[in-house]
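Enquirer: First the structure, then my questions, so here it is.
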Amino acid sequence: MTAPGDLPQDARARLVVPLALTRLGLLAERMARCFWPLWTILFLAVAALALGLHETAPVEAVWVGSVAAVAGAAVALARGLWRFRWPTRAEAIDRLDRSLPGRPLAALADRQAIGAGDRGSEAVWRAHVRRMAERAAVARPVRPDLRLAERDPFALRYVALTALAVALLFGSLWRVSSVGGIMPGGAGAGVAAGPSWEGWIEPPAYTGKPSLYLNDIAARSIEVPEGSRVTLRLYGEVGALAVAETVSGRTGVPDSATEPAQEFEVAVSGEIEIDGPGGRAWSVTALPDAPPTIRPEGEVERAAGGQMRRGFTATDDYGVIAGRAEIALDLPAVDRRHGLAVDPEPREAIVLDLPMPISGDRTGFTEALVEDLSTHPFANLPVTITLTVEDGAGQSGSAAPEAVVLPGRRFFDPLAAAVIEMRRDLLWNRDNLRRVVQVLRAVTHRPEGFVRDSGAYLQLRVAIRRMEAAMNAGGFTPEARDEMAGVLWDIAVRLEEGDLADALERLRRAQDRLSEAMRNGASREEIAELMQELSEAMQDYMRQLAEQGERQEGQQSAENMQEITGDQLQQMLDEIERLMQEGRMAEAQALLDQLMRMMENLQVTQGPGGQPSPGQQAMEGLGETLREQQELSDDSFRELQEQFGRNGQPQQGQQGQSGQGQEGQQLGQEGSGGQQGLGRGQGEDRRLGQGEGGDLEGSLAERQEALRRELERQRRNLPGAGTEEGEAAREALDRAGRAMERAEQALRERNLGQALDDQAEAMDALREGMRNLGEALAEQRRQEGQQGEAFGQGDPSARRDPLGRNIGNAGRIGTDENLLQGDDVYRRAEELLDEIRRRSGDQSRPRLELDYLQRLLDRF
């Protein structure tokens, strides 16, 4: 056997490059392991010198650090040289061979020792050598192992590298040359070489401008901000160089003009001169820092709910850092009558921080201060608003005081407005306590027909008795006053907004508030807010009428009914708003009264004779199937959550009590009171959920199978055959059936995630089929000359509520159409989610509806 290094000539030719690179890797690996302490010390030393630590630290510390650095570098170098071994070619071959399977390089260097004369043995050897040559042909250089974590557990090499990077970014390598002055013989060497100097000008940090290195500035003139700090270092024999300057404002030539280290600030424009060999001179212009400015933008606006919005524009040459708005009572402008006739109690001005841009340039920006001060004693009183901003130099600039009426919430209910006025008088001065009690007793003397909310009335009477007790005891403290002011505010809000569940009463309240706003000259924002409240109250009333009409199905007739559409009602609302904005309050009030009479006289009917048509039956059947499919999907989703519930373990033994029957009841009532689908859904849910063994997946699969069979029956009996829309509806229902079949199979296989996807596809196809069926029925009515636009006439599948919206199946207000059609589907989806959040926060809604909305939010 030969040595491993004696490779054949052809093998050596193929392995020249891999061997060379592997050997270089060995060299880098050994150098890193042997000399990493040396370059760590060198990096730290260079970083300290480039950052100028030797110029600011005490001389003793600099000497100790220098000796330690030199000694440490010498020890590290000696230790590295002693441990370093140059990598040989044999070592490179061995490392490369170890990286290959079967060590082919060693095999190629071997010679046959046994059976050299045997032809069979030689053939086997040649085959072995050929295989080893094929493996060696694909040899790749071995990567060096440069990891030093075991040798450097504290990562000192990274600390040194980071320090060097910081020094290169924020320091100067020129400072390294100044270390000679502290070395033995350094001063003499400096004198022999001649004196030298260094200088910097550092502008104030708030300006954001870079430092200037005077040695690199060849220009004669320099412009710097006021307050810039000049740092000069003189090297060589003391007195060889001197500094003359007129920028600091100092008079005469100071005694320290020849000191090696000098610092001063640029206060005025002037000259800086370094007198001596190699000296320079500059003409320095001090740029003054202008104070910031601020000005109001537009008028003070009253946003919805009484919020104040004050726009402003602020500017500064280097940037505004802060601002505030000071709001003080404008006592001369106050109408000093009634409760305001007495002098007010002293109150501090309101101080609000102005909003600043989070990012971007602050040298010039426009923002708006938005604050709700409705509960403050200054609300709806004359005030002065003073805007002030401040820059980095501590300078401030203010706008002229602006006299305005501080925006606050306005109350249009007469009793609520009276309570708020008494609250204002109480906060104005505690001496108004007796008057406040008398007025409140007077306005609540006969509440019948005047105070609608009995709960608010009782709260108000309790508050009156508490104030009387405090008045008789003579101890109405500021704390008690503030507490009572909060109570009166809550009562006024309750009186204004009400806590009514009846839709008609809410509609009447919205009308009363809007009428009061007309008489009191409300702003555009308040008109828009009240119109929105009226529109929402009308929608709630329409929903209540629709549900009532469904419960009384077949008991009313559509004969002699006057037709009214949602477009017409919306036109009336728009016309009322337009008349109010134009100031034609009498006409707007008359139109509002007419609208209210129409709303109170509305009735909802199911159709002539109360007998549903085949189209209605088909739409109602599909709607019922869709609701049951949605219920089944919710149950599947709940079961999936239970499987991966607490600690990631499936929740067993609770399937029979998973609340499916209750969920079915909630979904049935969410429709609009249709009871047929509810009864069947609950019954099936209850029976299947209590099956033997509690196999919930099995029960879900059986429910899915039943739904699929029912959908197939409905598809066979679907009207509209022969029309394009009818065929499209059948095709969509066929897709829904196939998706239900896949969902059924996934449920049987306990694959709930796949089942949910298939169920969602089935519901989408069902909605598309219902939409196509509706179009087919509408086309059929047009061909028969039936308009069907009046509420309660024609095919009930196309019924509309008084606002022109489609009545869903079983009388439910809403639609099963795809609401995300159009270009901006993401915006529409966000609007729907915001509406769900808004309704879930309305505590006046039924508990079942709130629970359903909360489940929707939890799911999405």
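Going by the structure tokens order, chains are called A, B, ..., each with residues numbered from 1, while ligands are numbered from 1 in the order shown.
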Arg494 (chain A): which residues within 10 Å, counting only C-alpha atoms, same-chain residues fewer than 4 positions away excluded, as number ranges by chain?

Expert: A: 416, 453, 455-457, 488-490, 498-499

Enquirer: Kindly save the residues from that selection, with N, CA, C and O atoms included, as a JSON list (two decimals), in the first residue's frame.

Expert:
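And here is the file that came out, out18.json:
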```
[["chain", "number", "residue", "atom", "x", "y", "z"],
["A", 416, "ALA", "N", -83.89, 67.82, 28.50],
["A", 416, "ALA", "CA", -82.44, 67.60, 28.54],
["A", 416, "ALA", "C", -81.70, 68.93, 28.44],
["A", 416, "ALA", "O", -80.70, 69.15, 29.14],
["A", 453, "ASP", "N", -89.11, 59.35, 29.72],
["A", 453, "ASP", "CA", -88.32, 58.29, 30.36],
["A", 453, "ASP", "C", -88.54, 58.37, 31.86],
["A", 453, "ASP", "O", -88.05, 59.28, 32.54],
["A", 455, "GLY", "N", -87.40, 56.38, 34.13],
["A", 455, "GLY", "CA", -86.16, 56.14, 34.86],
["A", 455, "GLY", "C", -85.34, 57.40, 35.00],
["A", 455, "GLY", "O", -84.79, 57.69, 36.06],
["A", 456, "ALA", "N", -85.23, 58.16, 33.91],
["A", 456, "ALA", "CA", -84.49, 59.43, 33.99],
["A", 456, "ALA", "C", -85.18, 60.41, 34.93],
["A", 456, "ALA", "O", -84.53, 61.17, 35.65],
["A", 457, "TYR", "N", -86.51, 60.39, 34.93],
["A", 457, "TYR", "CA", -87.25, 61.28, 35.83],
["A", 457, "TYR", "C", -86.94, 60.95, 37.29],
["A", 457, "TYR", "O", -86.71, 61.85, 38.12],
["A", 488, "LEU", "N", -76.01, 65.01, 36.56],
["A", 488, "LEU", "CA", -76.90, 65.76, 35.67],
["A", 488, "LEU", "C", -76.57, 65.52, 34.21],
["A", 488, "LEU", "O", -77.46, 65.48, 33.35],
["A", 489, "TRP", "N", -75.30, 65.37, 33.90],
["A", 489, "TRP", "CA", -74.90, 65.10, 32.52],
["A", 489, "TRP", "C", -75.46, 63.75, 32.06],
["A", 489, "TRP", "O", -76.01, 63.63, 30.97],
["A", 490, "ASP", "N", -75.32, 62.72, 32.90],
["A", 490, "ASP", "CA", -75.83, 61.40, 32.53],
["A", 490, "ASP", "C", -77.35, 61.43, 32.35],
["A", 490, "ASP", "O", -77.89, 60.79, 31.43],
["A", 498, "GLY", "N", -82.53, 58.66, 24.95],
["A", 498, "GLY", "CA", -83.57, 57.70, 25.27],
["A", 498, "GLY", "C", -83.02, 56.30, 25.41],
["A", 498, "GLY", "O", -81.90, 55.99, 24.99],
["A", 499, "ASP", "N", -83.81, 55.45, 25.99],
["A", 499, "ASP", "CA", -83.46, 54.03, 26.14],
["A", 499, "ASP", "C", -84.67, 53.21, 25.73],
["A", 499, "ASP", "O", -85.26, 52.48, 26.52]]
```

Enquirer: Can you list, as a PyMOL selection string, every protein, DNA or RNA residue that comes within 10 Å of Ala470 (chain A) when you count only C-alpha atoms, leaving out same-chain residues fewer than 5 positions away?

Expert: chain A and resi 433+464-465+475-477+480-481

Enquirer: Write out as an MDAnalysis selection string which residues come within 12 Å of Arg461 (chain A) when counting only C-alpha atoms, dropping same-chain ones fewer than 6 positions away.

Expert: chainID A and resid 419 437:438 440:445 447 454:455 467:468 487:488 491

Enquirer: Selected residues, N, CA and C atoms, written as a PDB file, in the first residue's frame, please.

Expert:
```pdb
ATOM      1  N   VAL A 419     -81.831  70.630  31.833  1.00  0.00           N
ATOM      2  CA  VAL A 419     -80.920  70.010  32.797  1.00  0.00           C
ATOM      3  C   VAL A 419     -79.479  70.440  32.523  1.00  0.00           C
ATOM      4  N   VAL A 437     -82.013  74.161  42.006  1.00  0.00           N
ATOM      5  CA  VAL A 437     -83.012  73.275  42.599  1.00  0.00           C
ATOM      6  C   VAL A 437     -84.418  73.765  42.276  1.00  0.00           C
ATOM      7  N   GLN A 438     -84.641  75.064  42.374  1.00  0.00           N
ATOM      8  CA  GLN A 438     -85.971  75.605  42.096  1.00  0.00           C
ATOM      9  C   GLN A 438     -86.377  75.362  40.642  1.00  0.00           C
ATOM     10  N   LEU A 440     -85.241  73.070  38.489  1.00  0.00           N
ATOM     11  CA  LEU A 440     -85.442  71.648  38.212  1.00  0.00           C
ATOM     12  C   LEU A 440     -86.743  71.145  38.822  1.00  0.00           C
ATOM     13  N   ARG A 441     -87.114  71.645  40.005  1.00  0.00           N
ATOM     14  CA  ARG A 441     -88.390  71.247  40.582  1.00  0.00           C
ATOM     15  C   ARG A 441     -89.554  71.766  39.734  1.00  0.00           C
ATOM     16  N   ALA A 442     -89.376  72.955  39.177  1.00  0.00           N
ATOM     17  CA  ALA A 442     -90.453  73.529  38.366  1.00  0.00           C
ATOM     18  C   ALA A 442     -90.665  72.735  37.078  1.00  0.00           C
ATOM     19  N   VAL A 443     -89.574  72.353  36.401  1.00  0.00           N
ATOM     20  CA  VAL A 443     -89.718  71.673  35.108  1.00  0.00           C
ATOM     21  C   VAL A 443     -90.165  70.229  35.280  1.00  0.00           C
ATOM     22  N   THR A 444     -90.018  69.682  36.492  1.00  0.00           N
ATOM     23  CA  THR A 444     -90.451  68.287  36.717  1.00  0.00           C
ATOM     24  C   THR A 444     -91.690  68.228  37.583  1.00  0.00           C
ATOM     25  N   HIS A 445     -92.407  69.358  37.717  1.00  0.00           N
ATOM     26  CA  HIS A 445     -93.567  69.379  38.615  1.00  0.00           C
ATOM     27  C   HIS A 445     -94.661  68.432  38.113  1.00  0.00           C
ATOM     28  N   PRO A 447     -94.814  65.701  35.329  1.00  0.00           N
ATOM     29  CA  PRO A 447     -94.079  64.988  34.279  1.00  0.00           C
ATOM     30  C   PRO A 447     -94.977  64.290  33.271  1.00  0.00           C
ATOM     31  N   SER A 454     -89.288  57.425  32.389  1.00  0.00           N
ATOM     32  CA  SER A 454     -89.575  57.440  33.821  1.00  0.00           C
ATOM     33  C   SER A 454     -88.310  57.197  34.642  1.00  0.00           C
ATOM     34  N   GLY A 455     -87.401  56.381  34.130  1.00  0.00           N
ATOM     35  CA  GLY A 455     -86.158  56.139  34.860  1.00  0.00           C
ATOM     36  C   GLY A 455     -85.337  57.401  34.997  1.00  0.00           C
ATOM     37  N   MET A 467     -79.277  67.605  46.174  1.00  0.00           N
ATOM     38  CA  MET A 467     -78.848  69.005  46.179  1.00  0.00           C
ATOM     39  C   MET A 467     -79.561  69.785  47.278  1.00  0.00           C
ATOM     40  N   GLU A 468     -80.829  69.497  47.551  1.00  0.00           N
ATOM     41  CA  GLU A 468     -81.534  70.172  48.642  1.00  0.00           C
ATOM     42  C   GLU A 468     -80.901  69.837  49.981  1.00  0.00           C
ATOM     43  N   VAL A 487     -73.713  63.623  37.443  1.00  0.00           N
ATOM     44  CA  VAL A 487     -75.035  62.982  37.491  1.00  0.00           C
ATOM     45  C   VAL A 487     -75.997  63.689  36.551  1.00  0.00           C
ATOM     46  N   LEU A 488     -76.010  65.011  36.559  1.00  0.00           N
ATOM     47  CA  LEU A 488     -76.903  65.761  35.675  1.00  0.00           C
ATOM     48  C   LEU A 488     -76.572  65.521  34.212  1.00  0.00           C
ATOM     49  N   ILE A 491     -78.035  62.161  33.201  1.00  0.00           N
ATOM     50  CA  ILE A 491     -79.490  62.247  33.074  1.00  0.00           C
ATOM     51  C   ILE A 491     -79.873  62.939  31.770  1.00  0.00           C
TER      52      ILE A 491
END
```

Enquirer: Could you write out, as a ChimeraX atom specification, all the residues of region 210-348 of chain A that DSSP marks as helix (DSSP H, G or I)?

Expert: /A:214-216,255-258,304-306,331-333,338-340

Enquirer: Residues as selected, N, CA, C and O atoms, written as an mmCIF file, in the first residue's frame, can you do that?

Expert:
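What follows is the written file again39.cif:
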```cif
data_model
loop_
_atom_site.group_PDB
_atom_site.id
_atom_site.type_symbol
_atom_site.label_atom_id
_atom_site.label_comp_id
_atom_site.auth_asym_id
_atom_site.auth_seq_id
_atom_site.Cartn_x
_atom_site.Cartn_y
_atom_site.Cartn_z
ATOM 1 N N LEU A 214 -12.719 71.329 10.215
ATOM 2 C CA LEU A 214 -12.098 72.533 9.674
ATOM 3 C C LEU A 214 -10.871 72.228 8.835
ATOM 4 O O LEU A 214 -10.553 72.976 7.900
ATOM 5 N N ASN A 215 -10.135 71.171 9.137
ATOM 6 C CA ASN A 215 -8.933 70.848 8.354
ATOM 7 C C ASN A 215 -9.262 70.549 6.899
ATOM 8 O O ASN A 215 -8.407 70.701 6.013
ATOM 9 N N ASP A 216 -10.522 70.111 6.627
ATOM 10 C CA ASP A 216 -10.889 69.764 5.253
ATOM 11 C C ASP A 216 -11.604 70.897 4.532
ATOM 12 O O ASP A 216 -11.977 70.737 3.370
ATOM 13 N N ASP A 255 -6.534 85.085 27.737
ATOM 14 C CA ASP A 255 -5.233 84.489 28.083
ATOM 15 C C ASP A 255 -5.114 83.059 27.597
ATOM 16 O O ASP A 255 -4.015 82.512 27.514
ATOM 17 N N SER A 256 -6.264 82.423 27.302
ATOM 18 C CA SER A 256 -6.237 81.018 26.908
ATOM 19 C C SER A 256 -6.100 80.832 25.402
ATOM 20 O O SER A 256 -6.377 79.762 24.891
ATOM 21 N N ALA A 257 -5.662 81.866 24.671
ATOM 22 C CA ALA A 257 -5.602 81.763 23.212
ATOM 23 C C ALA A 257 -4.594 80.725 22.751
ATOM 24 O O ALA A 257 -4.682 80.241 21.621
ATOM 25 N N THR A 258 -3.600 80.388 23.580
ATOM 26 C CA THR A 258 -2.578 79.425 23.162
ATOM 27 C C THR A 258 -2.743 78.073 23.839
ATOM 28 O O THR A 258 -1.866 77.223 23.717
ATOM 29 N N ALA A 304 -69.513 65.896 14.832
ATOM 30 C CA ALA A 304 -70.641 65.122 15.370
ATOM 31 C C ALA A 304 -70.376 64.745 16.817
ATOM 32 O O ALA A 304 -69.281 64.330 17.176
ATOM 33 N N GLY A 305 -71.398 64.896 17.652
ATOM 34 C CA GLY A 305 -71.258 64.579 19.061
ATOM 35 C C GLY A 305 -70.686 65.699 19.894
ATOM 36 O O GLY A 305 -70.466 65.534 21.089
ATOM 37 N N GLY A 306 -70.417 66.867 19.279
ATOM 38 C CA GLY A 306 -69.919 68.010 20.028
ATOM 39 C C GLY A 306 -68.420 68.142 20.063
ATOM 40 O O GLY A 306 -67.888 68.973 20.815
ATOM 41 N N LEU A 331 -64.680 86.304 29.548
ATOM 42 C CA LEU A 331 -65.743 86.772 30.433
ATOM 43 C C LEU A 331 -66.480 87.997 29.887
ATOM 44 O O LEU A 331 -67.715 88.068 29.997
ATOM 45 N N PRO A 332 -65.813 88.984 29.266
ATOM 46 C CA PRO A 332 -66.570 90.133 28.749
ATOM 47 C C PRO A 332 -67.584 89.764 27.675
ATOM 48 O O PRO A 332 -68.568 90.487 27.472
ATOM 49 N N ALA A 333 -67.358 88.663 26.961
ATOM 50 C CA ALA A 333 -68.272 88.279 25.892
ATOM 51 C C ALA A 333 -69.418 87.397 26.373
ATOM 52 O O ALA A 333 -70.307 87.065 25.586
ATOM 53 N N HIS A 338 -79.388 85.449 34.037
ATOM 54 C CA HIS A 338 -79.875 84.246 34.699
ATOM 55 C C HIS A 338 -78.778 83.666 35.591
ATOM 56 O O HIS A 338 -78.255 84.356 36.454
ATOM 57 N N GLY A 339 -78.429 82.445 35.395
ATOM 58 C CA GLY A 339 -77.433 81.817 36.256
ATOM 59 C C GLY A 339 -76.030 82.337 36.060
ATOM 60 O O GLY A 339 -75.142 82.057 36.877
ATOM 61 N N LEU A 340 -75.777 83.070 34.982
ATOM 62 C CA LEU A 340 -74.448 83.620 34.730
ATOM 63 C C LEU A 340 -74.312 85.047 35.233
ATOM 64 O O LEU A 340 -73.296 85.696 34.972
#
```

Enquirer: Region 636-638 of chain A: which residues within 7 Å, counting only C-alpha atoms, same-chain residues fewer than 4 positions away excluded, as a count of residues only?

Expert: 4

Enquirer: Which one of A:Met542, A:Ala167, A:Ala765, A:Leu773 sits closest to Ala739 (chain A) if you count only C-alpha atoms?

Expert: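 Among A:Met542, A:Ala167, A:Ala765, A:Leu773, it is A:Ala765 that comes nearest to Ala739 (chain A).
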
Enquirer: Considering only C-alpha atoms, return as a ChimeraX atom specification whatever protein or nucleic-acid residues lie within 9 Å of Ile350 (chain A), sequence-local ones (same chain, fewer than 6 positions apart) excluded.

Expert: /A:325-328

Enquirer: Next, write the just-selected residues to a file, as a short mmCIF file (atom, residue, chain, number, x, y, z; two decimals), in the first residue's frame, keeping all heavy atoms as the atom set.

Expert:
```cif
data_model
loop_
_atom_site.label_atom_id
_atom_site.label_comp_id
_atom_site.auth_asym_id
_atom_site.auth_seq_id
_atom_site.Cartn_x
_atom_site.Cartn_y
_atom_site.Cartn_z
N ALA A 325 -52.43 74.42 23.00
CA ALA A 325 -53.56 75.32 22.82
C ALA A 325 -54.10 75.68 24.20
O ALA A 325 -54.40 74.79 25.00
CB ALA A 325 -54.64 74.66 21.98
N GLU A 326 -54.21 76.96 24.46
CA GLU A 326 -54.71 77.44 25.74
C GLU A 326 -56.09 78.06 25.53
O GLU A 326 -56.24 78.99 24.74
CB GLU A 326 -53.75 78.47 26.34
CG GLU A 326 -54.16 78.94 27.72
CD GLU A 326 -53.12 79.85 28.36
OE1 GLU A 326 -51.94 79.81 27.91
OE2 GLU A 326 -53.47 80.59 29.27
N ILE A 327 -57.06 77.51 26.23
CA ILE A 327 -58.46 77.95 26.09
C ILE A 327 -58.88 78.59 27.40
O ILE A 327 -58.91 77.93 28.44
CB ILE A 327 -59.38 76.76 25.74
CG1 ILE A 327 -58.88 76.06 24.47
CG2 ILE A 327 -60.81 77.23 25.56
CD1 ILE A 327 -59.67 74.81 24.13
N ALA A 328 -59.16 79.90 27.35
CA ALA A 328 -59.55 80.66 28.54
C ALA A 328 -60.93 81.25 28.34
O ALA A 328 -61.35 81.56 27.22
CB ALA A 328 -58.52 81.75 28.83
#
```

Enquirer: If you measure from CA of Thr246 (chain A) to CA of Val266 (chain A), what distance in Å do you get, rounded to one decimal?

Expert: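 CA of Val266 (chain A) lies at a distance of 8.8 Å from CA of Thr246 (chain A).
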
Enquirer: Find the spatial neighbours of region 379-389 of chain A, counting only C-alpha atoms, within a cut-off of 7 Å - ignore same-chain residues fewer than 5 positions away - and output them as a list in words.

Expert: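 The residues that qualify are Pro292, Ile294, Val320, Ala322, Gly323, Arg324, Ala325, Glu326, Ile327, Ala328, Leu329, Asp330, Ala333, Val334, Leu373, Ser374, Ser396, Gly397, Ser398, Ala399, Ala400, Pro401, Glu402, Ala403, Val404, Val405, Leu406, Pro407 and Gly408 of chain A.
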
Enquirer: With C-alpha atoms retained, write the just-selected residues as a PDB file, in the first residue's frame.

Expert:
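Result file follows (out_3.pdb):
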```
ATOM      1  CA  PRO A 292     -41.534  79.275  15.034  1.00  0.00           C
ATOM      2  CA  ILE A 294     -48.371  79.150  13.892  1.00  0.00           C
ATOM      3  CA  VAL A 320     -41.268  72.454  15.630  1.00  0.00           C
ATOM      4  CA  ALA A 322     -44.045  70.886  20.638  1.00  0.00           C
ATOM      5  CA  GLY A 323     -47.185  72.977  20.746  1.00  0.00           C
ATOM      6  CA  ARG A 324     -50.151  73.712  22.956  1.00  0.00           C
ATOM      7  CA  ALA A 325     -53.561  75.317  22.820  1.00  0.00           C
ATOM      8  CA  GLU A 326     -54.707  77.443  25.743  1.00  0.00           C
ATOM      9  CA  ILE A 327     -58.457  77.945  26.088  1.00  0.00           C
ATOM     10  CA  ALA A 328     -59.545  80.657  28.541  1.00  0.00           C
ATOM     11  CA  LEU A 329     -62.997  81.980  29.382  1.00  0.00           C
ATOM     12  CA  ASP A 330     -63.812  85.217  27.556  1.00  0.00           C
ATOM     13  CA  ALA A 333     -68.272  88.279  25.892  1.00  0.00           C
ATOM     14  CA  VAL A 334     -70.475  86.141  28.176  1.00  0.00           C
ATOM     15  CA  LEU A 373     -64.861  69.312  25.694  1.00  0.00           C
ATOM     16  CA  SER A 374     -68.618  68.900  25.979  1.00  0.00           C
ATOM     17  CA  SER A 396     -41.836  80.023  21.028  1.00  0.00           C
ATOM     18  CA  GLY A 397     -44.321  81.602  18.700  1.00  0.00           C
ATOM     19  CA  SER A 398     -48.005  82.240  19.265  1.00  0.00           C
ATOM     20  CA  ALA A 399     -50.999  83.107  17.138  1.00  0.00           C
ATOM     21  CA  ALA A 400     -53.301  85.959  18.070  1.00  0.00           C
ATOM     22  CA  PRO A 401     -55.998  84.922  20.552  1.00  0.00           C
ATOM     23  CA  GLU A 402     -59.116  83.798  18.734  1.00  0.00           C
ATOM     24  CA  ALA A 403     -62.526  84.561  20.215  1.00  0.00           C
ATOM     25  CA  VAL A 404     -64.990  81.720  19.587  1.00  0.00           C
ATOM     26  CA  VAL A 405     -67.784  79.838  21.299  1.00  0.00           C
ATOM     27  CA  LEU A 406     -66.254  76.623  22.590  1.00  0.00           C
ATOM     28  CA  PRO A 407     -67.977  73.782  20.713  1.00  0.00           C
ATOM     29  CA  GLY A 408     -69.830  71.257  22.821  1.00  0.00           C
TER      30      GLY A 408
END
```

Enquirer: Can you list, as a ChimeraX atom specification, every residue of region 176-376 of chain A that DSSP puts in strand (DSSP E)?

Expert: /A:196-202,212-213,221-225,229-235,242-245,261-265,270-275,281-287,293-302,308-315,320-329,350-353,364-371

Enquirer: Take the residues from that selection and put them in a file with C-alpha atoms, as a compact mmCIF listing (two decimals), in the first residue's frame.

Expert:
```txt
# COMPACT_ATOMS: atom_id res chain seq x y z
CA SER A 196 -0.18 71.24 13.92
CA TRP A 197 -3.83 71.69 14.76
CA GLU A 198 -7.31 70.21 14.34
CA GLY A 199 -10.73 71.84 14.52
CA TRP A 200 -14.43 71.00 14.39
CA ILE A 201 -17.68 72.97 14.29
CA GLU A 202 -20.70 71.09 15.66
CA LEU A 212 -17.70 70.36 9.97
CA TYR A 213 -14.02 69.28 10.07
CA SER A 221 -16.36 81.70 4.31
CA ILE A 222 -18.46 79.39 6.47
CA GLU A 223 -22.14 79.62 7.39
CA VAL A 224 -23.19 77.87 10.58
CA PRO A 225 -26.27 78.13 12.86
CA ARG A 229 -19.75 74.73 19.19
CA VAL A 230 -16.19 75.21 17.90
CA THR A 231 -13.53 72.75 19.17
CA LEU A 232 -9.84 73.38 18.44
CA ARG A 233 -6.79 71.23 19.31
CA LEU A 234 -3.27 72.70 19.07
CA TYR A 235 -0.31 70.27 18.94
CA ALA A 242 -2.60 80.86 18.87
CA VAL A 243 -6.32 81.25 18.26
CA ALA A 244 -7.96 84.58 17.52
CA GLU A 245 -11.74 84.69 17.21
CA ALA A 261 -7.60 72.57 23.82
CA GLN A 262 -10.17 75.30 23.25
CA GLU A 263 -13.95 75.33 22.94
CA PHE A 264 -16.44 78.17 22.41
CA GLU A 265 -19.85 78.78 20.83
CA GLY A 270 -17.04 87.10 12.93
CA GLU A 271 -13.59 85.64 12.25
CA ILE A 272 -11.74 82.55 13.43
CA GLU A 273 -8.00 82.54 12.85
CA ILE A 274 -5.28 80.09 13.83
CA ASP A 275 -2.10 82.14 13.92
CA ALA A 281 -8.51 81.81 8.91
CA TRP A 282 -12.25 81.71 8.19
CA SER A 283 -15.02 84.25 7.97
CA VAL A 284 -17.92 82.74 9.93
CA THR A 285 -21.53 83.83 9.35
CA ALA A 286 -23.84 82.99 12.22
CA LEU A 287 -27.28 82.11 10.90
CA THR A 293 -44.85 80.53 13.73
CA ILE A 294 -48.37 79.15 13.89
CA ARG A 295 -51.62 80.28 12.38
CA PRO A 296 -55.17 78.93 12.53
CA GLU A 297 -56.65 77.31 9.44
CA GLY A 298 -60.32 77.90 8.71
CA GLU A 299 -63.00 78.16 11.35
CA VAL A 300 -63.43 76.22 14.56
CA GLU A 301 -65.68 73.31 13.64
CA ARG A 302 -68.19 71.41 15.73
CA MET A 308 -64.14 70.58 18.60
CA ARG A 309 -61.87 70.65 15.56
CA ARG A 310 -59.30 73.44 15.26
CA GLY A 311 -56.99 73.29 12.23
CA PHE A 312 -53.59 75.01 12.27
CA THR A 313 -50.37 75.36 10.27
CA ALA A 314 -46.99 75.53 12.04
CA THR A 315 -43.59 76.40 10.50
CA VAL A 320 -41.27 72.45 15.63
CA ILE A 321 -40.89 70.15 18.62
CA ALA A 322 -44.05 70.89 20.64
CA GLY A 323 -47.19 72.98 20.75
CA ARG A 324 -50.15 73.71 22.96
CA ALA A 325 -53.56 75.32 22.82
CA GLU A 326 -54.71 77.44 25.74
CA ILE A 327 -58.46 77.95 26.09
CA ALA A 328 -59.55 80.66 28.54
CA LEU A 329 -63.00 81.98 29.38
CA ILE A 350 -57.68 74.55 29.46
CA VAL A 351 -54.24 73.55 28.13
CA LEU A 352 -54.16 70.96 25.35
CA ASP A 353 -51.12 69.56 23.57
CA GLY A 364 -43.89 73.05 7.97
CA PHE A 365 -47.02 71.01 8.48
CA THR A 366 -50.78 71.29 8.85
CA GLU A 367 -52.64 69.41 11.56
CA ALA A 368 -55.92 69.64 13.44
CA LEU A 369 -56.64 69.61 17.15
CA VAL A 370 -59.67 67.40 17.82
CA GLU A 371 -60.97 67.32 21.37
```

Enquirer: Which one is closest to Ile93 (chain A): A:Ala139, A:Leu53, A:Ala267, A:Leu19? Count only C-alpha atoms.

Expert: A:Leu19
